$ cat upload14.txt   # compact mmCIF, C-alpha atoms
# COMPACT_ATOMS: atom_id res chain seq x y z
CA MET A 1 -15.59 8.36 -20.78
CA SER A 2 -15.95 11.72 -22.48
CA THR A 3 -13.29 14.36 -22.13
CA ALA A 4 -13.76 17.99 -21.22
CA ALA A 5 -11.78 21.11 -21.93
CA PRO A 6 -9.16 21.83 -19.26
CA ASN A 7 -10.72 25.24 -18.51
CA GLN A 8 -14.04 23.52 -17.70
CA LEU A 9 -12.28 21.24 -15.24
CA ALA A 10 -10.08 23.95 -13.70
CA PRO A 11 -12.34 24.57 -10.65
CA ALA A 12 -12.49 20.85 -9.82
CA ARG A 13 -8.76 20.47 -10.32
CA LYS A 14 -7.99 23.40 -8.00
CA ALA A 15 -10.42 22.04 -5.41
CA ILE A 16 -8.61 18.69 -5.44
CA TYR A 17 -5.26 20.47 -5.11
CA VAL A 18 -6.60 22.12 -1.95
CA THR A 19 -7.83 18.76 -0.66
CA PHE A 20 -4.46 17.02 -1.14
CA PHE A 21 -2.65 19.96 0.47
CA ILE A 22 -4.98 19.91 3.49
CA CYS A 23 -4.61 16.15 3.93
CA GLY A 24 -0.82 16.40 4.04
CA LEU A 25 -0.84 19.48 6.27
CA VAL A 26 -3.20 18.06 8.91
CA LEU A 27 -1.27 14.80 9.13
CA ALA A 28 2.07 16.59 9.47
CA ALA A 29 0.63 18.99 12.04
CA TRP A 30 -0.14 16.00 14.27
CA VAL A 31 3.23 14.28 13.69
CA SER A 32 5.15 17.47 14.48
CA ARG A 33 3.57 17.70 17.97
CA ILE A 34 3.89 14.06 19.03
CA PRO A 35 6.78 14.86 21.41
CA ALA A 36 4.67 17.52 23.14
CA ILE A 37 1.69 15.16 23.47
CA LYS A 38 3.99 12.45 24.85
CA GLN A 39 5.28 14.84 27.49
CA GLN A 40 1.80 16.19 28.24
CA LEU A 41 0.45 12.70 29.02
CA GLY A 42 3.62 11.43 30.68
CA LEU A 43 3.99 8.46 28.34
CA ASN A 44 7.20 6.49 28.03
CA ALA A 45 8.46 5.24 24.68
CA GLY A 46 6.82 1.83 24.97
CA GLU A 47 3.46 3.28 25.99
CA LEU A 48 3.59 5.80 23.16
CA GLY A 49 4.33 3.02 20.67
CA LEU A 50 1.22 1.12 21.75
CA VAL A 51 -0.95 4.24 21.70
CA LEU A 52 0.20 5.19 18.21
CA MET A 53 -1.15 1.86 16.89
CA GLY A 54 -4.64 3.39 17.08
CA GLY A 55 -3.99 5.39 13.91
CA PRO A 56 -2.86 2.48 11.71
CA ILE A 57 -5.75 0.30 12.92
CA GLY A 58 -8.25 2.99 11.96
CA LEU A 59 -6.47 3.50 8.65
CA VAL A 60 -6.56 -0.16 7.62
CA LEU A 61 -10.21 -0.60 8.62
CA ALA A 62 -11.23 2.54 6.72
CA MET A 63 -9.90 1.34 3.36
CA PRO A 64 -12.51 -1.27 2.35
CA LEU A 65 -15.38 0.68 3.94
CA THR A 66 -14.43 3.84 2.04
CA GLY A 67 -14.31 1.94 -1.24
CA TRP A 68 -17.79 0.56 -0.53
CA LEU A 69 -19.16 4.03 0.34
CA ILE A 70 -17.70 5.57 -2.82
CA ALA A 71 -19.18 2.77 -4.94
CA ARG A 72 -22.56 3.40 -3.34
CA TRP A 73 -22.68 7.20 -3.02
CA GLY A 74 -19.87 8.59 -5.18
CA SER A 75 -16.57 10.16 -4.16
CA ARG A 76 -17.79 13.75 -3.71
CA PRO A 77 -20.00 13.31 -0.59
CA VAL A 78 -17.61 10.77 0.90
CA LEU A 79 -14.68 13.14 0.44
CA ALA A 80 -16.59 16.08 1.91
CA TRP A 81 -17.55 14.19 5.08
CA ALA A 82 -14.17 12.48 5.46
CA ALA A 83 -12.20 15.72 5.03
CA MET A 84 -14.31 17.65 7.52
CA SER A 85 -14.07 14.75 9.98
CA ASN A 86 -10.30 14.64 9.53
CA CYS A 87 -9.97 18.32 10.37
CA ALA A 88 -12.39 18.07 13.30
CA ALA A 89 -10.57 15.06 14.76
CA LEU A 90 -7.25 16.92 15.05
CA PRO A 91 -8.08 18.84 18.29
CA LEU A 92 -9.31 15.59 19.88
CA LEU A 93 -5.70 14.41 19.92
CA ALA A 94 -4.74 17.23 22.28
CA LEU A 95 -7.88 16.86 24.44
CA ALA A 96 -7.17 13.20 25.32
CA PRO A 97 -6.65 12.96 29.12
CA ASN A 98 -4.67 9.71 29.00
CA GLY A 99 -3.06 7.19 26.69
CA TRP A 100 -6.19 5.09 26.20
CA ALA A 101 -8.20 8.14 25.15
CA LEU A 102 -5.40 9.22 22.81
CA GLY A 103 -5.37 5.77 21.21
CA LEU A 104 -9.11 6.04 20.59
CA ALA A 105 -8.75 9.57 19.20
CA LEU A 106 -5.96 8.32 16.91
CA PHE A 107 -8.25 5.55 15.68
CA VAL A 108 -10.84 8.17 14.67
CA PHE A 109 -8.15 10.41 13.17
CA GLY A 110 -6.53 7.56 11.24
CA PHE A 111 -9.91 6.36 9.97
CA ALA A 112 -10.91 9.84 8.75
CA ASN A 113 -7.49 10.50 7.20
CA ALA A 114 -7.55 7.21 5.27
CA ALA A 115 -11.12 7.79 4.08
CA MET A 116 -10.14 11.26 2.90
CA ASP A 117 -7.08 9.85 1.14
CA ILE A 118 -9.04 7.23 -0.84
CA ALA A 119 -11.89 9.60 -1.71
CA MET A 120 -9.63 12.43 -2.89
CA ASN A 121 -7.65 10.02 -5.06
CA ALA A 122 -10.93 8.74 -6.53
CA GLN A 123 -11.82 12.34 -7.39
CA ALA A 124 -8.36 12.87 -8.88
CA VAL A 125 -8.76 9.75 -11.04
CA GLU A 126 -12.06 11.06 -12.41
CA VAL A 127 -10.55 14.46 -13.26
CA GLU A 128 -7.51 12.87 -14.89
CA LYS A 129 -9.76 10.71 -17.09
CA ARG A 130 -11.28 13.88 -18.54
CA TYR A 131 -7.89 15.37 -19.37
CA THR A 132 -5.76 14.38 -22.34
CA ARG A 133 -2.57 14.19 -20.27
CA PRO A 134 -1.41 12.84 -16.90
CA ILE A 135 -2.06 15.13 -13.90
CA MET A 136 -2.08 12.73 -10.93
CA SER A 137 1.52 13.42 -9.90
CA SER A 138 0.83 17.11 -9.35
CA PHE A 139 -1.98 16.25 -6.91
CA HIS A 140 0.39 14.14 -4.86
CA ALA A 141 2.96 16.94 -4.99
CA LEU A 142 0.46 19.11 -3.12
CA PHE A 143 0.11 16.40 -0.47
CA SER A 144 3.89 16.37 0.01
CA LEU A 145 3.99 20.16 0.02
CA GLY A 146 1.21 20.25 2.61
CA GLY A 147 3.27 17.88 4.74
CA LEU A 148 6.27 20.20 4.60
CA VAL A 149 4.12 23.22 5.50
CA GLY A 150 2.40 21.35 8.34
CA ALA A 151 5.73 20.23 9.78
CA ALA A 152 7.11 23.76 9.53
CA LEU A 153 4.05 25.24 11.24
CA GLY A 154 4.24 22.62 13.97
CA GLY A 155 7.91 23.32 14.53
CA ALA A 156 7.27 27.05 14.68
CA ALA A 157 4.42 26.52 17.14
CA ALA A 158 6.65 24.37 19.35
CA ALA A 159 9.48 26.90 19.19
CA GLY A 160 7.04 29.68 20.12
CA GLY A 161 5.69 27.77 23.10
CA LEU A 162 2.19 27.31 21.66
CA ALA A 163 0.53 24.28 23.27
CA PRO A 164 -0.81 21.48 21.04
CA LEU A 165 -4.51 22.22 21.70
CA PRO A 166 -4.62 25.82 20.41
CA PHE A 167 -2.32 24.88 17.53
CA PHE A 168 -4.56 21.96 16.53
CA ALA A 169 -7.71 24.03 17.01
CA TRP A 170 -6.50 26.85 14.75
CA THR A 171 -5.22 24.35 12.17
CA ALA A 172 -8.56 22.53 12.18
CA LEU A 173 -10.51 25.77 11.82
CA VAL A 174 -8.50 27.12 8.89
CA THR A 175 -8.26 23.83 7.01
CA GLY A 176 -11.94 23.07 7.67
CA LEU A 177 -12.99 26.40 6.17
CA LEU A 178 -10.73 25.86 3.16
CA MET A 179 -12.15 22.38 2.66
CA LEU A 180 -15.70 23.69 2.98
CA ALA A 181 -15.01 26.21 0.22
CA ALA A 182 -13.38 23.58 -2.02
CA THR A 183 -16.18 21.03 -1.66
CA ARG A 184 -18.61 22.94 -3.88
CA TYR A 185 -16.26 22.57 -6.87
CA LEU A 186 -15.67 18.82 -6.62
CA LEU A 187 -16.91 16.62 -9.46
CA GLU A 188 -20.33 15.03 -9.12
CA VAL A 189 -19.65 11.43 -10.14
CA ARG A 190 -22.64 9.12 -10.51
CA PRO A 191 -21.88 5.75 -8.87
CA ALA A 192 -22.21 2.68 -11.05
CA ALA A 193 -25.47 0.78 -10.80
CA SER A 194 -23.71 -2.57 -10.58
CA GLY A 195 -20.32 -4.06 -9.83
CA PRO A 196 -18.49 -5.25 -6.71
CA ARG A 197 -18.41 -2.95 -3.67
CA PHE A 198 -15.20 -4.53 -2.39
CA VAL A 199 -12.54 -6.68 -4.04
CA TRP A 200 -9.54 -8.52 -2.68
CA PRO A 201 -6.43 -7.53 -4.63
CA ARG A 202 -5.79 -10.20 -7.24
CA GLY A 203 -4.61 -10.29 -10.83
CA VAL A 204 -3.59 -6.83 -12.01
CA LEU A 205 -4.74 -5.24 -8.76
CA LEU A 206 -2.50 -7.57 -6.77
CA GLY A 207 0.47 -6.64 -8.93
CA LEU A 208 -0.29 -2.93 -8.56
CA GLY A 209 -0.70 -3.50 -4.84
CA LEU A 210 2.74 -5.10 -4.66
CA ILE A 211 4.24 -2.03 -6.34
CA VAL A 212 2.75 0.32 -3.76
CA PHE A 213 3.60 -2.12 -0.95
CA CYS A 214 7.28 -2.00 -1.95
CA THR A 215 7.07 1.78 -2.40
CA GLY A 216 5.33 2.34 0.92
CA LEU A 217 7.82 0.10 2.71
CA GLY A 218 10.70 2.07 1.22
CA GLU A 219 9.18 5.44 2.09
CA GLY A 220 8.47 4.26 5.64
CA ALA A 221 12.04 3.02 5.98
CA VAL A 222 13.44 6.40 4.98
CA ALA A 223 10.98 8.31 7.19
CA ASP A 224 11.84 6.36 10.35
CA TRP A 225 15.42 5.22 9.79
CA SER A 226 17.26 7.78 7.63
CA ALA A 227 18.27 9.95 10.60
CA VAL A 228 19.31 6.86 12.59
CA PHE A 229 21.38 5.65 9.63
CA MET A 230 23.14 8.99 9.24
CA LYS A 231 23.92 9.32 12.95
CA HIS A 232 25.02 5.78 13.74
CA GLU A 233 26.43 4.59 10.42
CA MET A 234 27.89 7.89 9.22
CA GLY A 235 28.71 9.43 12.61
CA THR A 236 26.97 12.74 11.90
CA SER A 237 25.38 15.05 14.45
CA GLU A 238 21.64 14.84 15.09
CA ALA A 239 21.11 18.13 13.22
CA VAL A 240 22.86 16.83 10.10
CA ALA A 241 21.13 13.45 10.43
CA ALA A 242 17.72 15.14 10.35
CA LEU A 243 18.59 16.69 6.99
CA ALA A 244 18.47 13.26 5.33
CA PHE A 245 14.69 13.04 5.55
CA SER A 246 14.38 16.72 4.58
CA ALA A 247 16.42 16.04 1.44
CA PHE A 248 14.23 13.04 0.65
CA SER A 249 11.02 15.05 1.19
CA VAL A 250 12.12 17.98 -0.96
CA ALA A 251 13.12 15.57 -3.73
CA MET A 252 9.65 13.99 -3.51
CA VAL A 253 7.97 17.39 -3.95
CA VAL A 254 10.21 18.48 -6.83
CA GLY A 255 9.87 15.10 -8.55
CA ARG A 256 6.09 15.08 -8.26
CA LEU A 257 5.79 18.64 -9.57
CA SER A 258 7.68 17.61 -12.72
CA GLY A 259 6.27 14.07 -12.81
CA ASP A 260 3.22 14.71 -15.00
CA ALA A 261 5.29 16.14 -17.83
CA LEU A 262 7.74 13.25 -17.66
CA ILE A 263 4.95 10.65 -17.55
CA HIS A 264 3.30 12.30 -20.57
CA ARG A 265 6.58 12.15 -22.50
CA PHE A 266 7.93 8.72 -21.53
CA GLY A 267 4.83 6.81 -20.39
CA PRO A 268 3.95 5.23 -17.05
CA VAL A 269 5.82 1.95 -17.57
CA ALA A 270 9.14 3.61 -18.39
CA MET A 271 8.73 6.03 -15.48
CA ALA A 272 8.02 3.23 -13.01
CA ARG A 273 10.97 1.19 -14.23
CA ALA A 274 13.26 4.18 -13.99
CA GLY A 275 11.81 5.11 -10.59
CA GLY A 276 12.44 1.68 -9.10
CA LEU A 277 16.00 1.58 -10.40
CA LEU A 278 16.66 5.16 -9.27
CA ALA A 279 15.42 4.39 -5.75
CA ALA A 280 17.57 1.24 -5.65
CA SER A 281 20.62 3.21 -6.82
CA GLY A 282 19.93 5.78 -4.09
CA PHE A 283 19.94 3.10 -1.38
CA ILE A 284 23.12 1.59 -2.81
CA THR A 285 24.76 5.02 -2.89
CA THR A 286 24.11 5.48 0.83
CA LEU A 287 25.51 2.00 1.56
CA VAL A 288 28.81 2.15 -0.34
CA THR A 289 30.03 5.48 1.00
CA ASN A 290 31.34 6.78 4.30
CA ARG A 291 30.88 10.40 3.30
CA PRO A 292 27.70 12.05 4.69
CA GLU A 293 27.28 14.38 1.72
CA VAL A 294 27.28 11.43 -0.70
CA ALA A 295 24.81 9.55 1.50
CA MET A 296 22.60 12.65 1.46
CA LEU A 297 22.68 12.55 -2.35
CA GLY A 298 21.54 8.93 -2.07
CA PHE A 299 18.43 9.99 -0.14
CA VAL A 300 17.70 12.59 -2.82
CA LEU A 301 17.87 9.85 -5.46
CA ILE A 302 15.53 7.68 -3.38
CA GLY A 303 13.00 10.52 -3.21
CA LEU A 304 13.22 11.12 -6.96
CA GLY A 305 12.78 7.40 -7.57
CA TYR A 306 9.72 6.90 -5.38
CA CYS A 307 8.01 10.24 -6.10
CA THR A 308 5.76 9.21 -9.01
CA LEU A 309 5.05 5.57 -8.07
CA PHE A 310 2.00 6.12 -5.88
CA PRO A 311 0.40 8.49 -8.42
CA LEU A 312 1.15 6.07 -11.26
CA VAL A 313 -0.39 3.09 -9.44
CA PHE A 314 -3.49 5.03 -8.36
CA SER A 315 -4.06 6.20 -11.94
CA ALA A 316 -3.68 2.65 -13.23
CA ALA A 317 -5.95 1.19 -10.52
CA GLY A 318 -8.67 3.65 -11.50
CA ARG A 319 -8.59 2.24 -15.05
CA VAL A 320 -8.83 -1.47 -14.19
CA PRO A 321 -11.80 -2.88 -16.18
CA GLY A 322 -14.78 -4.17 -14.25
CA VAL A 323 -13.88 -2.50 -10.95
CA GLN A 324 -15.09 0.93 -9.84
CA PRO A 325 -12.24 3.40 -9.19
CA GLY A 326 -12.97 3.89 -5.49
CA VAL A 327 -13.06 0.14 -4.87
CA ALA A 328 -9.86 -0.45 -6.86
CA LEU A 329 -8.06 2.38 -5.07
CA ALA A 330 -9.07 1.03 -1.67
CA SER A 331 -7.81 -2.41 -2.67
CA VAL A 332 -4.32 -1.35 -3.74
CA ALA A 333 -3.96 1.44 -1.17
CA THR A 334 -4.47 -1.05 1.65
CA LEU A 335 -1.33 -2.89 0.56
CA GLY A 336 0.54 0.39 0.11
CA TYR A 337 -0.19 1.58 3.61
CA LEU A 338 0.55 -1.86 5.06
CA GLY A 339 3.98 -1.54 3.47
CA PHE A 340 4.48 1.94 4.89
CA LEU A 341 3.42 0.82 8.36
CA SER A 342 5.25 -2.52 8.40
CA GLY A 343 8.53 -1.31 6.89
CA PRO A 344 9.98 0.51 9.91
CA PRO A 345 9.28 -2.24 12.47
CA LEU A 346 10.57 -4.93 10.07
CA ILE A 347 13.81 -3.01 9.68
CA GLY A 348 13.92 -2.65 13.46
CA LEU A 349 13.71 -6.45 13.79
CA VAL A 350 16.23 -7.25 11.06
CA ALA A 351 18.86 -4.60 11.86
CA PRO A 352 19.94 -5.96 15.30
CA VAL A 353 20.39 -9.45 13.84
CA THR A 354 22.38 -8.27 10.83
CA SER A 355 22.86 -4.50 10.43
CA LEU A 356 20.99 -1.43 9.26
CA ARG A 357 23.00 -1.55 6.04
CA VAL A 358 21.73 -5.07 5.31
CA SER A 359 18.16 -3.91 5.98
CA PHE A 360 18.56 -1.04 3.52
CA MET A 361 19.99 -3.44 0.95
CA ALA A 362 16.82 -5.55 1.23
CA VAL A 363 14.71 -2.44 0.62
CA ALA A 364 16.86 -1.70 -2.44
CA GLY A 365 16.01 -5.19 -3.70
CA LEU A 366 12.30 -4.42 -3.36
CA ALA A 367 12.86 -1.25 -5.40
CA VAL A 368 14.29 -3.41 -8.18
CA LEU A 369 11.16 -5.59 -7.94
CA ILE A 370 9.10 -2.45 -8.66
CA SER A 371 10.91 -2.11 -11.99
CA LEU A 372 10.14 -5.74 -12.84
CA LEU A 373 6.42 -5.21 -12.13
CA ALA A 374 6.20 -1.90 -13.99
CA GLY A 375 4.53 -3.41 -17.08
CA LEU A 376 1.32 -3.80 -15.07
CA LEU A 377 0.85 -0.04 -15.20
CA GLN A 378 -0.15 -0.21 -18.86
CA VAL A 379 -3.85 -0.53 -17.97
CA LYS A 380 -6.47 0.69 -20.44
CA LYS A 381 -10.13 1.07 -19.51

$ encode --input "upload14.txt" --output "structure tokens"
Amino acid sequence: MSTAAPNQLAPARKAIYVTFFICGLVLAAWVSRIPAIKQQLGLNAGELGLVLMGGPIGLVLAMPLTGWLIARWGSRPVLAWAAMSNCAALPLLALAPNGWALGLALFVFGFANAAMDIAMNAQAVEVEKRYTRPIMSSFHALFSLGGLVGAALGGAAAAGGLAPLPFFAWTALVTGLLMLAATRYLLEVRPAASGPRFVWPRGVLLGLGLIVFCTGLGEGAVADWSAVFMKHEMGTSEAVAALAFSAFSVAMVVGRLSGDALIHRFGPVAMARAGGLLAASGFITTLVTNRPEVAMLGFVLIGLGYCTLFPLVFSAAGRVPGVQPGVALASVATLGYLGFLSGPPLIGLVAPVTSLRVSFMAVAGLAVLISLLAGLLQVKK
């Protein structure tokens, strides 16, 4: 693979930044208005839980298909169609007249979001290959930043009394136009003439998949259970409890913004080992203290530990010999998202039998496993 001067790749790099930002923003825009949609449709908690399964089902089914499409057509057209579909699907979530229709709309939304995720990471891998230094972490920082902006906009819309439909419609319009402008600068990558269109994760890919599975499970645990932990284990108010996930999210953004420089200096293996141990130490910090401010520091450490792991694994997967980047990314990402989706319910099953602290200790153990598997990241094409 030939390299190119950074200034020649600047337009493509900026376009991918926009894509990652949009992906995070659109997803967070939906999540921020779930309570309003629940009230609008009159769903109880159990019904909402079933309806929300539409998104994960679409996400999991999209992974192998997206890898096949990228192998056949290249990441640029797949990303363009997936991103526009993701934006267009957002208003459908507010137009659903009942729970069944919302579940179907979430299937479409989850499918498009997952396809966009795989395709934009495939583009990012191609750009990074042409650079002489790591840049993947900064792309993922824009995804996290987009999530923070989307959540803030959704909260502001809710506080201002703006209904979900006009909020989703305006969000879809603006992000769709931005994506349309960015598409023209994406890299044109010629798909390989031969090679598998889909692979089950095995060998190095299985090991990389286990890393992102453990990472995704940990991130999902923090997303769904950090506030519960702070309120019920630490006795804080709901307002203070909500700050735990905010601290984790900000740490993720800051860590990813500085991640490329650190990866360039210390290497991917050392960063992954340190990240797994840092995340484990963060969980342990929250478990051995009864002081909320110390527990909050623990969630910051968890964010700093996990922040570069997804970018590191995606970069490594794109360099696995004999497998096209889009196919490899789809293979490992499937395990990563399964971890993210399965983590919260698994903790919900384990916690009543033991305790939430025991559940968090198990997640800390998986973070240590990440450090043990870190040597797999030393993949050379």

$ residues_around --input "upload14.txt" --residues "Leu50 of chain A" --least-positions-apart "6" --cutoff "12 Å" --atoms "all atoms listed in the file" --output "NGL selection string"
:A and (43-44 or 56-57 or 99-100 or 102-104 or 106)

$ write_last_selection --input "upload14.txt" --atoms "C-alpha atoms" --output "PDB file, in the frame of the given file"
ATOM      1  CA  LEU A  43       3.990   8.460  28.340  1.00  0.00           C
ATOM      2  CA  ASN A  44       7.200   6.490  28.030  1.00  0.00           C
ATOM      3  CA  PRO A  56      -2.860   2.480  11.710  1.00  0.00           C
ATOM      4  CA  ILE A  57      -5.750   0.300  12.920  1.00  0.00           C
ATOM      5  CA  GLY A  99      -3.060   7.190  26.690  1.00  0.00           C
ATOM      6  CA  TRP A 100      -6.190   5.090  26.200  1.00  0.00           C
ATOM      7  CA  LEU A 102      -5.400   9.220  22.810  1.00  0.00           C
ATOM      8  CA  GLY A 103      -5.370   5.770  21.210  1.00  0.00           C
ATOM      9  CA  LEU A 104      -9.110   6.040  20.590  1.00  0.00           C
ATOM     10  CA  LEU A 106      -5.960   8.320  16.910  1.00  0.00           C
TER      11      LEU A 106
END

$ closest_residue --input "upload14.txt" --among "A:Leu297, A:Leu346, A:Leu52, A:Ala29" --to "Ala157 of chain A" --atoms "only C-alpha atoms"
A:Ala29

$ residues_around --input "upload14.txt" --residues "Arg319 of chain A" --least-positions-apart "3" --cutoff "12 Å" --atoms "all atoms listed in the file" --output "list of chain:residue names"
A:Met1, A:Ala122, A:Val125, A:Glu126, A:Glu128, A:Lys129, A:Val204, A:Leu205, A:Leu208, A:Leu312, A:Val313, A:Phe314, A:Ser315, A:Ala316, A:Gly322, A:Val323, A:Gln324, A:Pro325, A:Gly326, A:Val327, A:Ala328, A:Leu329, A:Leu376, A:Leu377, A:Gln378, A:Val379, A:Lys380, A:Lys381

$ closest_residue --input "upload14.txt" --among "A:Met63, A:Ala12, A:Met179, A:Arg273" --to "Leu79 of chain A" --atoms "all atoms listed in the file"
A:Met179

$ atom_distance --input "upload14.txt" --atom1 "atom CA of Gly218 of chain A" --atom2 "atom CA of Val350 of chain A"
14.6 Å

$ closest_residue --input "upload14.txt" --among "A:Leu9, A:Val288, A:Arg133, A:Thr236" --to "Phe266 of chain A" --atoms "only C-alpha atoms"
A:Arg133

$ residues_near_point --input "upload14.txt" --point "(26.1, 4.3, 3.3)" --cutoff "9 Å" --atoms "all atoms listed in the file" --output "VMD selection string"
chain A and resid 229 to 230 233 to 234 283 to 292 294 to 295 298 357

$ atom_distance --input "upload14.txt" --atom1 "atom CA of Trp225 of chain A" --atom2 "atom CA of Gly348 of chain A"
8.8 Å

$ atom_distance --input "upload14.txt" --atom1 "atom CA of Pro352 of chain A" --atom2 "atom CA of Arg33 of chain A"
28.9 Å

$ closest_residue --input "upload14.txt" --among "A:Val78, A:Leu186, A:Leu217, A:Ala374" --to "Ser359 of chain A" --atoms "all atoms listed in the file"
A:Leu217

$ closest_residue --input "upload14.txt" --among "A:Ala227, A:Ile302, A:Met120, A:Leu93" --to "Phe143 of chain A" --atoms "all atoms listed in the file"
A:Met120

$ closest_residue --input "upload14.txt" --among "A:Ser371, A:Ser281, A:Ser137, A:Ser237" --to "Leu257 of chain A" --atoms "only C-alpha atoms"
A:Ser137

$ residues_around --input "upload14.txt" --residues "segment 16-27 of chain A" --least-positions-apart "2" --cutoff "8 Å" --atoms "all atoms listed in the file" --output "number ranges by chain"
A: 12-14, 29-31, 83, 86-87, 90, 113, 116-117, 120, 123-124, 139-140, 142-151, 171-172, 175, 178-179, 182, 186

$ residues_around --input "upload14.txt" --residues "Gly74 of chain A" --least-positions-apart "3" --cutoff "7 Å" --atoms "all atoms listed in the file" --output "PDB file with C-alpha atoms, keeping the file's coordinate frame"
ATOM      1  CA  ILE A  70     -17.700   5.570  -2.820  1.00  0.00           C
ATOM      2  CA  ALA A  71     -19.180   2.770  -4.940  1.00  0.00           C
ATOM      3  CA  PRO A  77     -20.000  13.310  -0.590  1.00  0.00           C
ATOM      4  CA  VAL A  78     -17.610  10.770   0.900  1.00  0.00           C
ATOM      5  CA  VAL A 189     -19.650  11.430 -10.140  1.00  0.00           C
ATOM      6  CA  ARG A 190     -22.640   9.120 -10.510  1.00  0.00           C
ATOM      7  CA  PRO A 191     -21.880   5.750  -8.870  1.00  0.00           C
TER       8      PRO A 191
END
